[in-house]
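**Q** Have a peek at input-v1.cif (mmCIF, C-alpha atoms and all ligand atoms).
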data_structure
#
loop_
_atom_site.label_atom_id
_atom_site.label_comp_id
_atom_site.auth_asym_id
_atom_site.auth_seq_id
_atom_site.Cartn_x
_atom_site.Cartn_y
_atom_site.Cartn_z
CA VAL Y 1 -3.15 -12.75 -4.41
CA LYS Y 2 -6.80 -13.17 -3.38
CA PRO Y 3 -8.84 -10.07 -2.52
CA ASN Y 4 -9.03 -8.98 1.11
CA ALA Y 5 -11.78 -10.30 3.35
CA SER Y 6 -14.12 -7.53 4.48
CA PHE Y 7 -13.89 -6.03 7.98
CA GLU Y 8 -17.54 -7.05 8.29
CA SER Y 9 -16.80 -10.73 7.73
CA ILE Y 10 -14.01 -10.61 10.34
CA ALA Y 11 -16.27 -8.78 12.82
CA ASN Y 12 -18.99 -11.37 12.23
CA VAL Y 13 -16.66 -14.17 13.29
CA MET Y 14 -15.61 -12.14 16.34
CA ARG Y 15 -19.24 -11.63 17.37
CA GLN Y 16 -20.66 -15.04 16.47
CA ARG Y 17 -18.01 -17.48 17.66
CA GLN Y 18 -16.95 -18.19 21.23
CA ARG Y 19 -13.43 -19.62 21.62
CA PHE Y 20 -10.53 -17.60 20.22
CA ALA Y 21 -6.77 -17.82 20.04
CA VAL Y 22 -4.86 -14.61 19.24
CA MET Y 23 -1.23 -14.83 18.16
CA SER Y 24 1.58 -12.93 16.46
CA HIS Y 25 5.17 -13.47 15.35
CA PHE Y 26 7.99 -14.70 17.60
CA ARG Y 27 10.44 -12.11 18.94
CA PRO Y 28 7.40 -9.85 19.21
CA ASP Y 29 7.77 -6.08 18.82
CA GLY Y 30 5.39 -3.37 20.01
CA ASP Y 31 3.08 -3.86 17.03
CA ALA Y 32 2.84 -7.63 17.51
CA LEU Y 33 2.17 -7.43 21.25
CA GLY Y 34 0.03 -4.28 21.15
CA CYS Y 35 -2.20 -5.84 18.48
CA SER Y 36 -2.44 -9.18 20.26
CA ILE Y 37 -3.45 -7.60 23.56
CA ALA Y 38 -5.84 -5.08 21.96
CA MET Y 39 -7.57 -7.87 20.01
CA GLY Y 40 -7.68 -10.11 23.08
CA LEU Y 41 -9.21 -7.33 25.19
CA CYS Y 42 -11.75 -6.57 22.47
CA LEU Y 43 -12.88 -10.21 22.37
CA ARG Y 44 -13.08 -10.32 26.18
CA GLU Y 45 -15.29 -7.23 26.07
CA LEU Y 46 -17.52 -9.21 23.71
CA GLY Y 47 -17.70 -11.94 26.36
CA LYS Y 48 -15.51 -14.45 24.52
CA GLU Y 49 -13.00 -17.02 25.77
CA VAL Y 50 -9.61 -15.83 24.58
CA ALA Y 51 -6.10 -17.22 24.68
CA ILE Y 52 -3.36 -14.74 23.76
CA TRP Y 53 -0.19 -16.60 22.84
CA ASN Y 54 3.29 -15.67 21.83
CA HIS Y 55 6.09 -18.13 21.14
CA ASP Y 56 8.47 -15.98 23.20
CA GLY Y 57 5.95 -14.87 25.80
CA LEU Y 58 5.81 -11.26 26.86
CA ALA Y 59 9.05 -9.32 26.33
CA GLU Y 60 10.20 -7.75 29.61
CA LYS Y 61 10.11 -4.25 28.17
CA PHE Y 62 6.38 -4.48 27.36
CA THR Y 63 5.14 -5.46 30.81
CA PHE Y 64 3.75 -1.92 31.15
CA LEU Y 65 1.06 -2.58 28.51
CA PRO Y 66 -2.40 -2.77 30.07
CA GLY Y 67 -3.45 -6.41 29.78
CA ALA Y 68 0.14 -7.60 29.32
CA LYS Y 69 -0.41 -10.39 31.86
CA LEU Y 70 -2.85 -12.04 29.43
CA VAL Y 71 0.01 -12.93 27.07
CA GLU Y 72 1.14 -16.52 27.57
CA ARG Y 73 3.52 -18.91 25.92
CA PRO Y 74 1.58 -21.50 23.87
CA PRO Y 75 0.80 -24.66 25.87
CA LYS Y 76 2.39 -28.03 25.09
CA GLU Y 77 -1.05 -29.66 24.91
CA PRO Y 78 -2.91 -28.51 21.75
CA ARG Y 79 -6.41 -27.05 22.11
CA ASP Y 80 -9.48 -26.53 19.91
CA PHE Y 81 -10.80 -23.10 18.94
CA ASP Y 82 -13.60 -21.65 16.88
CA ALA Y 83 -11.28 -19.07 15.37
CA VAL Y 84 -7.61 -18.10 15.38
CA LEU Y 85 -6.46 -14.54 14.74
CA MET Y 86 -2.90 -14.18 13.45
CA LEU Y 87 -1.75 -10.57 13.64
CA ASP Y 88 1.26 -8.72 12.18
CA THR Y 89 2.69 -12.02 10.92
CA ALA Y 90 3.97 -12.20 7.34
CA ILE Y 91 4.39 -15.97 7.17
CA GLN Y 92 2.15 -18.27 9.15
CA ASN Y 93 4.98 -20.33 10.68
CA ARG Y 94 6.49 -17.16 12.22
CA VAL Y 95 4.05 -17.64 15.11
CA GLY Y 96 6.40 -20.48 16.13
CA ASP Y 97 5.03 -22.99 18.64
CA SER Y 98 1.66 -21.18 18.78
CA LEU Y 99 0.70 -22.91 15.52
CA ALA Y 100 1.08 -26.46 16.82
CA ALA Y 101 -0.81 -25.50 20.02
CA VAL Y 102 -4.01 -25.23 17.94
CA ARG Y 103 -5.41 -28.72 17.32
CA HIS Y 104 -8.35 -27.47 15.30
CA ALA Y 105 -9.98 -24.15 14.44
CA ASP Y 106 -12.89 -23.51 12.07
CA THR Y 107 -11.68 -20.14 10.88
CA TRP Y 108 -8.14 -18.79 10.51
CA ILE Y 109 -7.92 -15.01 10.26
CA ASN Y 110 -4.81 -13.20 9.04
CA ILE Y 111 -4.55 -9.42 9.59
CA ASP Y 112 -1.25 -7.88 8.53
CA HIS Y 113 0.65 -5.13 6.73
CA HIS Y 114 3.81 -6.91 5.51
CA VAL Y 115 4.38 -6.77 1.74
CA SER Y 116 5.68 -10.34 1.87
CA ASN Y 117 2.36 -11.66 3.29
CA GLU Y 118 0.78 -13.95 0.70
CA GLY Y 119 -2.64 -14.02 2.31
CA TYR Y 120 -2.71 -17.35 4.16
CA GLY Y 121 -5.80 -18.22 6.18
CA ASP Y 122 -9.57 -18.37 5.53
CA LEU Y 123 -10.07 -14.64 6.00
CA ALA Y 124 -7.08 -12.46 5.18
CA TYR Y 125 -6.91 -8.69 5.43
CA ILE Y 126 -3.56 -7.37 4.22
CA ASP Y 127 -2.95 -3.65 3.86
CA THR Y 128 0.66 -3.08 2.87
CA GLN Y 129 0.11 0.70 2.88
CA SER Y 130 -0.64 0.62 6.57
CA PRO Y 131 2.43 1.51 8.66
CA ALA Y 132 1.36 -0.81 11.50
CA ALA Y 133 -0.99 -3.71 11.96
CA GLY Y 134 -2.29 -1.66 14.89
CA GLN Y 135 -3.60 0.93 12.43
CA ILE Y 136 -5.60 -1.78 10.62
CA LEU Y 137 -7.05 -2.98 13.94
CA TYR Y 138 -8.10 0.58 14.78
CA GLU Y 139 -9.99 0.80 11.46
CA LEU Y 140 -11.53 -2.65 12.06
CA PHE Y 141 -12.72 -1.86 15.59
CA THR Y 142 -14.12 1.59 14.81
CA SER Y 143 -15.72 0.77 11.45
CA GLN Y 144 -17.49 -2.28 12.91
CA ASN Y 145 -18.57 -0.68 16.21
CA LEU Y 146 -16.49 -3.15 18.16
CA PRO Y 147 -15.38 -2.26 21.70
CA LEU Y 148 -12.42 0.13 21.97
CA THR Y 149 -11.59 0.67 25.64
CA PRO Y 150 -8.85 2.99 27.02
CA ALA Y 151 -6.68 -0.09 27.70
CA MET Y 152 -7.09 -1.15 24.06
CA ALA Y 153 -6.29 2.42 22.96
CA ASP Y 154 -2.96 2.30 24.85
CA ASN Y 155 -2.05 -0.95 23.13
CA LEU Y 156 -2.94 0.33 19.66
CA PHE Y 157 -0.99 3.54 20.28
CA VAL Y 158 2.11 1.55 21.26
CA ALA Y 159 1.64 -0.69 18.21
CA ILE Y 160 1.50 2.29 15.85
CA SER Y 161 4.16 4.38 17.59
CA THR Y 162 6.74 1.59 17.67
CA ASP Y 163 6.20 0.51 14.03
CA THR Y 164 6.42 4.09 12.71
CA GLY Y 165 9.48 5.06 14.78
CA SER Y 166 7.28 7.47 16.78
CA PHE Y 167 5.26 8.64 13.77
CA GLN Y 168 8.42 9.38 11.73
CA TYR Y 169 8.92 6.74 9.04
CA PRO Y 170 7.86 7.47 5.42
CA ASN Y 171 4.82 5.17 5.63
CA THR Y 172 3.34 7.43 8.32
CA THR Y 173 0.33 9.18 6.79
CA ALA Y 174 -2.16 11.86 7.74
CA ARG Y 175 -4.48 9.02 8.71
CA THR Y 176 -1.84 7.67 11.10
CA TYR Y 177 -1.66 11.02 12.90
CA GLN Y 178 -5.44 11.24 12.89
CA ILE Y 179 -5.67 7.83 14.55
CA GLY Y 180 -3.00 8.91 17.04
CA SER Y 181 -5.11 11.93 17.84
CA GLU Y 182 -8.27 9.86 18.21
CA LEU Y 183 -6.49 7.42 20.52
CA ILE Y 184 -5.29 10.33 22.66
CA ALA Y 185 -8.87 11.57 22.80
CA ARG Y 186 -9.80 8.12 24.10
CA GLY Y 187 -7.42 8.48 27.01
CA VAL Y 188 -3.87 7.68 25.85
CA LYS Y 189 -1.26 9.60 27.89
CA VAL Y 190 1.41 10.20 25.25
CA GLY Y 191 4.22 11.39 27.55
CA ASP Y 192 3.71 8.56 29.98
CA LEU Y 193 3.53 5.83 27.32
CA SER Y 194 6.47 7.27 25.35
CA GLN Y 195 8.67 7.28 28.44
CA LYS Y 196 7.78 3.65 29.08
CA MET Y 197 8.47 2.77 25.43
CA TYR Y 198 11.59 4.78 24.70
CA GLU Y 199 13.18 5.85 27.97
CA SER Y 200 13.00 2.77 30.14
CA TYR Y 201 15.53 0.38 28.64
CA PRO Y 202 17.60 -1.86 30.91
CA ARG Y 203 21.16 -0.62 31.39
CA ARG Y 204 22.58 -3.72 29.68
CA ARG Y 205 21.06 -2.59 26.38
CA MET Y 206 23.30 0.51 26.40
CA GLU Y 207 26.30 -1.69 27.28
CA LEU Y 208 25.37 -3.84 24.33
CA LEU Y 209 25.25 -0.78 22.07
CA ARG Y 210 28.76 0.19 23.24
CA ALA Y 211 29.98 -3.30 22.32
CA VAL Y 212 28.38 -3.47 18.86
CA LEU Y 213 29.54 0.03 17.94
CA ASN Y 214 33.10 -1.31 18.21
CA ALA Y 215 32.24 -3.43 15.17
CA LEU Y 216 30.72 -0.53 13.21
CA ARG Y 217 31.80 -0.24 9.60
CA PHE Y 218 30.80 1.75 6.55
CA SER Y 219 30.93 0.78 2.89
CA GLU Y 220 33.36 2.72 0.73
CA ASP Y 221 30.63 4.90 -0.74
CA GLY Y 222 29.19 5.54 2.72
CA ARG Y 223 25.75 4.27 1.72
CA THR Y 224 25.79 1.23 3.97
CA ALA Y 225 26.51 1.06 7.67
CA SER Y 226 26.72 -2.26 9.45
CA PHE Y 227 27.65 -3.83 12.73
CA SER Y 228 27.51 -7.26 14.25
CA LEU Y 229 27.05 -9.06 17.52
CA THR Y 230 28.93 -12.25 18.36
CA ILE Y 231 27.70 -14.99 20.66
CA ALA Y 232 30.71 -14.26 22.88
CA THR Y 233 29.49 -10.69 23.46
CA THR Y 234 25.89 -11.86 24.02
CA GLU Y 235 27.14 -14.26 26.69
CA ALA Y 236 29.55 -11.80 28.31
CA LEU Y 237 26.85 -9.11 28.69
CA LYS Y 238 24.06 -11.63 29.51
CA THR Y 239 21.79 -9.86 27.04
CA LYS Y 240 18.30 -11.02 26.17
CA PRO Y 241 17.16 -11.38 22.53
CA GLU Y 242 14.89 -8.34 22.88
CA ASP Y 243 17.84 -6.10 23.86
CA THR Y 244 18.99 -5.88 20.24
CA GLU Y 245 15.63 -4.52 19.09
CA GLY Y 246 16.06 -1.03 17.62
CA LEU Y 247 19.86 -0.83 17.93
CA ILE Y 248 20.02 -0.67 14.14
CA ASP Y 249 18.31 2.73 14.26
CA TYR Y 250 21.50 4.27 15.68
CA ILE Y 251 23.49 3.50 12.53
CA ARG Y 252 20.63 4.20 10.15
CA SER Y 253 20.65 7.75 11.51
CA VAL Y 254 24.00 8.65 9.91
CA GLU Y 255 23.96 11.17 7.05
CA GLY Y 256 24.45 9.54 3.63
CA VAL Y 257 23.66 6.07 4.91
CA ILE Y 258 20.85 4.47 2.91
CA VAL Y 259 20.99 0.94 4.26
CA ALA Y 260 21.76 -0.16 7.80
CA ALA Y 261 22.58 -3.81 8.46
CA PHE Y 262 22.79 -5.69 11.73
CA PHE Y 263 24.23 -9.21 11.96
CA GLU Y 264 23.60 -11.26 15.05
CA GLU Y 265 25.33 -14.57 15.59
CA LEU Y 266 22.92 -17.29 16.82
CA PRO Y 267 23.73 -20.83 17.94
CA GLU Y 268 24.35 -23.55 15.31
CA GLN Y 269 26.00 -21.35 12.69
CA LYS Y 270 22.92 -19.25 12.06
CA ILE Y 271 23.02 -15.50 11.58
CA ARG Y 272 20.05 -13.23 12.13
CA VAL Y 273 20.19 -10.32 9.70
CA SER Y 274 18.17 -7.12 10.03
CA LEU Y 275 18.15 -4.55 7.26
CA ARG Y 276 16.74 -1.01 7.22
CA SER Y 277 16.53 1.28 4.21
CA LYS Y 278 15.96 5.04 4.10
CA ASP Y 279 15.09 5.03 0.40
CA PRO Y 280 12.24 2.98 -1.12
CA ARG Y 281 14.34 2.54 -4.28
CA VAL Y 282 16.48 0.21 -2.19
CA ASP Y 283 14.00 -2.53 -1.30
CA VAL Y 284 15.47 -4.51 1.62
CA CYS Y 285 12.54 -6.93 1.51
CA LYS Y 286 13.79 -7.98 -1.92
CA ILE Y 287 17.35 -8.29 -0.65
CA CYS Y 288 16.24 -10.41 2.34
CA GLY Y 289 14.10 -12.46 -0.05
CA GLN Y 290 17.30 -13.65 -1.77
CA PHE Y 291 18.19 -15.26 1.57
CA GLY Y 292 14.79 -16.70 2.46
CA GLY Y 293 13.63 -13.73 4.55
CA GLY Y 294 11.24 -10.85 4.04
CA GLY Y 295 9.23 -8.09 5.67
CA HIS Y 296 8.74 -4.54 4.47
CA ILE Y 297 10.41 -2.49 1.73
CA LEU Y 298 12.20 -0.35 4.33
CA ALA Y 299 12.58 -2.91 7.12
CA SER Y 300 13.24 -6.62 6.67
CA GLY Y 301 15.08 -9.56 8.10
CA ALA Y 302 16.34 -13.06 7.43
CA ARG Y 303 18.00 -15.98 9.17
CA ILE Y 304 20.92 -17.29 7.17
CA SER Y 305 23.17 -20.32 7.71
CA GLY Y 306 26.91 -19.74 7.73
CA SER Y 307 29.64 -18.08 9.73
CA LEU Y 308 29.29 -14.43 10.71
CA HIS Y 309 31.95 -13.31 8.22
CA GLU Y 310 30.56 -15.37 5.34
CA VAL Y 311 27.04 -14.07 5.85
CA GLU Y 312 28.22 -10.48 6.28
CA ASP Y 313 30.14 -10.68 3.00
CA ARG Y 314 27.22 -12.20 1.09
CA VAL Y 315 24.59 -9.79 2.39
CA LEU Y 316 26.78 -6.68 2.09
CA ALA Y 317 27.53 -7.67 -1.52
CA ALA Y 318 23.80 -7.98 -2.24
CA ILE Y 319 23.20 -4.56 -0.68
CA ALA Y 320 26.08 -2.97 -2.62
CA LYS Y 321 24.51 -4.20 -5.86
CA GLU Y 322 21.29 -2.31 -5.04
CA THR Y 323 22.83 0.88 -3.66
CA ALA Y 324 25.27 1.10 -6.59
CA ALA Y 325 22.27 1.29 -8.94
CA LEU Y 326 21.21 4.59 -7.37
CA PRO Y 327 22.32 7.81 -9.00
MN MN B 401 4.08 -4.52 12.27
#
What would the structure in this file look like if it were written as structure tokens?
**A**
Amino acid sequence: VKPNASFESIANVMRQRQRFAVMSHFRPDGDALGCSIAMGLCLRELGKEVAIWNHDGLAEKFTFLPGAKLVERPPKEPRDFDAVLMLDTAIQNRVGDSLAAVRHADTWINIDHHVSNEGYGDLAYIDTQSPAAGQILYELFTSQNLPLTPAMADNLFVAISTDTGSFQYPNTTARTYQIGSELIARGVKVGDLSQKMYESYPRRRMELLRAVLNALRFSEDGRTASFSLTIATTEALKTKPEDTEGLIDYIRSVEGVIVAAFFEELPEQKIRVSLRSKDPRVDVCKICGQFGGGGHILASGARISGSLHEVEDRVLAAIAKETAALP
């Protein structure tokens, strides 16, 4: 792994070049979108031309983010840029169609916190200790005297809050709280933003939860909880892909459960697997890696070919191997 690029070298590109594309992973979460918009707004403040792209566009639940309207799906016709910023994206091709929409760029910049990120790009800044890519952007903007407007502060707060489970997960540090505090001092309204993030879900998401809880099961030792979602249920409830985001937290919250697993049936015999761990000794990034996926030690995912039952059996067996090794 090559050493990180300096914040200074990244800031130099931001100041010196003119045409930018900002992108993040498909099925974007709060960190991906918050970072993309914050970076896009920062570059606009610097007087740059900026395209903010996401393969899946703006998820409905994030329309409240200031600047959300700037997020577009990548165009069919590729364009040239001076620099491309890829944020919160472990593997370059996880930006989906956004990659092919860049015909040429002089400098590719990769800013991320996933342990599985191998440092693609010309300038890569990977901090796997950082609980959110949004925390890295905060350090970049403030250390380099880049603009940090109230609208950008809202986006960074959402990025950090959503990736830390509201400042709860083990990777949350004193620095994370300090940054939260500094963002509030810059104008973030915590109650207002939290309500928009955590208490404004569409009703169908709760109906979806009711359906998947019917498929809830626990391993014999109680260390693994899992549930699954069939295509039939997705179609019956007319759910959107983003509706499943965070449902896994409900089963992770059970006492004694170390690993939570969510299996979602996709078209063409593909299964999307999400894994969460409550104990760093059970590395779900490693488990997902056995199936071509990756992410973080405590939160990872993979897309696996096979029937729902086959994939469930294979993944649950791989999890059991790891949890059984614990005292
Ligand atoms: Mn993230």
**Q** Could you build a table of the residues in chain Y lying no more than 7 Å from ligand MN 401 (chain B), giving for each the nearest pair of atoms and their separation in Å rounded to one decimal place, using all atoms listed in the file, ordered by chain and ascending residue number, as a Markdown table?
**A**
| residue | atom | partner | partner_atom | distance |
| --- | --- | --- | --- | --- |
| Y:Asp31 | CA | B:MN401 | MN | 4.9 |
| Y:Ala32 | CA | B:MN401 | MN | 6.2 |
| Y:Asp88 | CA | B:MN401 | MN | 5.1 |
| Y:His113 | CA | B:MN401 | MN | 6.5 |
| Y:Ala132 | CA | B:MN401 | MN | 4.7 |
| Y:Ala133 | CA | B:MN401 | MN | 5.1 |
| Y:Asp163 | CA | B:MN401 | MN | 5.7 |
**Q** Quick one: distance from atom CA of Y:Lys48 to atom CA of Y:Ala5 in Å, one decimal?
**A**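 These atoms are spaced 21.9 Å apart.
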**Q** Got a sec to check which residues sit within 12 Å of (28.5, -1.3, 9.2), counting all atoms listed in the file, and write them as a PyMOL selection string?
**A** chain Y and resi 212-229+248+250-252+254+257-263+274-276+312-313+315-316+319
**Q** Name the closest residue to Y:Gly96 among the candidates Y:Ser116, Y:Gly34, Y:Met23, Y:Glu49; distances are taken between atoms, counting all atoms listed in the file.
**A**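 For Y:Gly96, the nearest of the candidates is Y:Met23.
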**Q** Within 7 Å of (0.3, -26.4, 22.7) (coordinates as in the file), grab all the protein and nucleic acid residues, counting all atoms listed in the file, and write them out as JSON, numbers by chain.
**A** {"Y": [74, 75, 76, 77, 78, 79, 98, 100, 101, 102]}
**Q** Please dump the current selection as a PDB file, keeping the file's coordinate frame; keep C-alpha atoms.
**A**
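Output saved as out.pdb:
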ATOM      1  CA  PRO Y  74       1.580 -21.500  23.870  1.00  0.00           C
ATOM      2  CA  PRO Y  75       0.800 -24.660  25.870  1.00  0.00           C
ATOM      3  CA  LYS Y  76       2.390 -28.030  25.090  1.00  0.00           C
ATOM      4  CA  GLU Y  77      -1.050 -29.660  24.910  1.00  0.00           C
ATOM      5  CA  PRO Y  78      -2.910 -28.510  21.750  1.00  0.00           C
ATOM      6  CA  ARG Y  79      -6.410 -27.050  22.110  1.00  0.00           C
ATOM      7  CA  SER Y  98       1.660 -21.180  18.780  1.00  0.00           C
ATOM      8  CA  ALA Y 100       1.080 -26.460  16.820  1.00  0.00           C
ATOM      9  CA  ALA Y 101      -0.810 -25.500  20.020  1.00  0.00           C
ATOM     10  CA  VAL Y 102      -4.010 -25.230  17.940  1.00  0.00           C
TER      11      VAL Y 102
END
**Q** Nearest to Y:Asn155: which of Y:Val50, Y:Ala320, Y:Ala68, Y:Ile91 is it, counting only C-alpha atoms?
**A**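 Closest to Y:Asn155 of all the choices is Y:Ala68.
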**Q** Name the closest residue to Y:Ser194 among the candidates Y:Leu65, Y:Ala318, Y:Ala299, Y:Leu87; distances are taken between atoms, counting only C-alpha atoms.
**A** Y:Leu65
**Q** Ranking Y:Pro131, Y:Gly67, Y:Gly301, Y:Gly293 by minimum distance to Y:Tyr169 and counting all atoms listed in the file, which one comes first?
**A**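 Of Y:Pro131, Y:Gly67, Y:Gly301, Y:Gly293, the one nearest Y:Tyr169 is Y:Pro131, counting all atoms listed in the file.
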**Q** Find the residue from Y:Leu137, Y:Glu72, Y:Leu99, Y:Phe81 that sits nearest to Y:Phe7; use all atoms listed in the file when measuring.
**A** Y:Leu137
**Q** Hey, can I get the axis-aligned box for stretch 310-314 of chain Y? All listed atoms, 5 Å padding on each side, centre and edge lengths in Å to one decimal, as lines of an AutoDock Vina configuration file.
**A**
center_x = 28.8
center_y = -12.9
center_z = 3.7
size_x = 13.5
size_y = 14.9
size_z = 15.2
**Q** Nearest to Y:Pro3: which of Y:Glu322, Y:Ala124, Y:Phe291, Y:Phe62 is it, counting all atoms listed in the file?
**A**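 The shortest atom-to-atom distance to Y:Pro3 comes from Y:Ala124.
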**Q** Please identify all polymer residues within 8 Å of Y:Pro147, counting only C-alpha atoms, omitting same-chain residues fewer than 6 positions from it, and present them as JSON, numbers by chain.
**A** {"Y": [42, 45, 46, 141]}
**Q** Go ahead and write the selection's residues with C-alpha atoms as a CSV table (one decimal), in the coordinates of the input.
**A**
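Resulting contents of part_23.csv:
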chain,number,residue,atom,x,y,z
Y,42,CYS,CA,-11.8,-6.6,22.5
Y,45,GLU,CA,-15.3,-7.2,26.1
Y,46,LEU,CA,-17.5,-9.2,23.7
Y,141,PHE,CA,-12.7,-1.9,15.6
**Q** Using Å and a single decimal, report how far atom CA of Y:Asp56 sits from atom CA of Y:Arg205.
**A**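 Pair atom CA of Y:Arg205 / atom CA of Y:Asp56 returns 18.7 Å.
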**Q** By how many Å are atom CA of Y:Leu146 and atom CA of Y:Lys69 apart?
**A**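 A separation of 22.3 Å between them.
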**Q** Could you rebuild stretch 2-15 of chain Y with N, CA and C atoms and give me the result as a short mmCIF file (atom, residue, chain, number, x, y, z; two decimals), in the frame of the given file?
**A**
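Generated file (rebuild_14.cif):
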data_model
loop_
_atom_site.label_atom_id
_atom_site.label_comp_id
_atom_site.auth_asym_id
_atom_site.auth_seq_id
_atom_site.Cartn_x
_atom_site.Cartn_y
_atom_site.Cartn_z
N LYS Y 2 -5.34 -13.26 -3.45
CA LYS Y 2 -6.80 -13.17 -3.38
C LYS Y 2 -7.20 -11.82 -2.76
N PRO Y 3 -8.42 -11.35 -3.08
CA PRO Y 3 -8.84 -10.07 -2.52
C PRO Y 3 -9.01 -10.16 -1.02
N ASN Y 4 -8.89 -9.00 -0.34
CA ASN Y 4 -9.03 -8.98 1.11
C ASN Y 4 -10.44 -9.41 1.54
N ALA Y 5 -10.50 -10.08 2.68
CA ALA Y 5 -11.78 -10.30 3.35
C ALA Y 5 -12.29 -8.94 3.81
N SER Y 6 -13.59 -8.80 4.00
CA SER Y 6 -14.12 -7.53 4.48
C SER Y 6 -13.98 -7.45 6.00
N PHE Y 7 -13.89 -6.21 6.52
CA PHE Y 7 -13.89 -6.03 7.98
C PHE Y 7 -15.16 -6.65 8.56
N GLU Y 8 -16.26 -6.53 7.80
CA GLU Y 8 -17.54 -7.05 8.29
C GLU Y 8 -17.47 -8.56 8.52
N SER Y 9 -16.85 -9.27 7.58
CA SER Y 9 -16.80 -10.73 7.73
C SER Y 9 -15.93 -11.11 8.92
N ILE Y 10 -14.86 -10.32 9.18
CA ILE Y 10 -14.01 -10.61 10.34
C ILE Y 10 -14.78 -10.30 11.63
N ALA Y 11 -15.49 -9.16 11.64
CA ALA Y 11 -16.27 -8.78 12.82
C ALA Y 11 -17.37 -9.80 13.10
N ASN Y 12 -17.94 -10.36 12.04
CA ASN Y 12 -18.99 -11.37 12.23
C ASN Y 12 -18.45 -12.59 12.97
N VAL Y 13 -17.27 -13.04 12.59
CA VAL Y 13 -16.66 -14.17 13.29
C VAL Y 13 -16.41 -13.80 14.75
N MET Y 14 -15.90 -12.57 14.96
CA MET Y 14 -15.61 -12.14 16.34
C MET Y 14 -16.88 -12.13 17.20
N ARG Y 15 -17.99 -11.72 16.59
CA ARG Y 15 -19.24 -11.63 17.37
C ARG Y 15 -19.92 -12.98 17.53
#
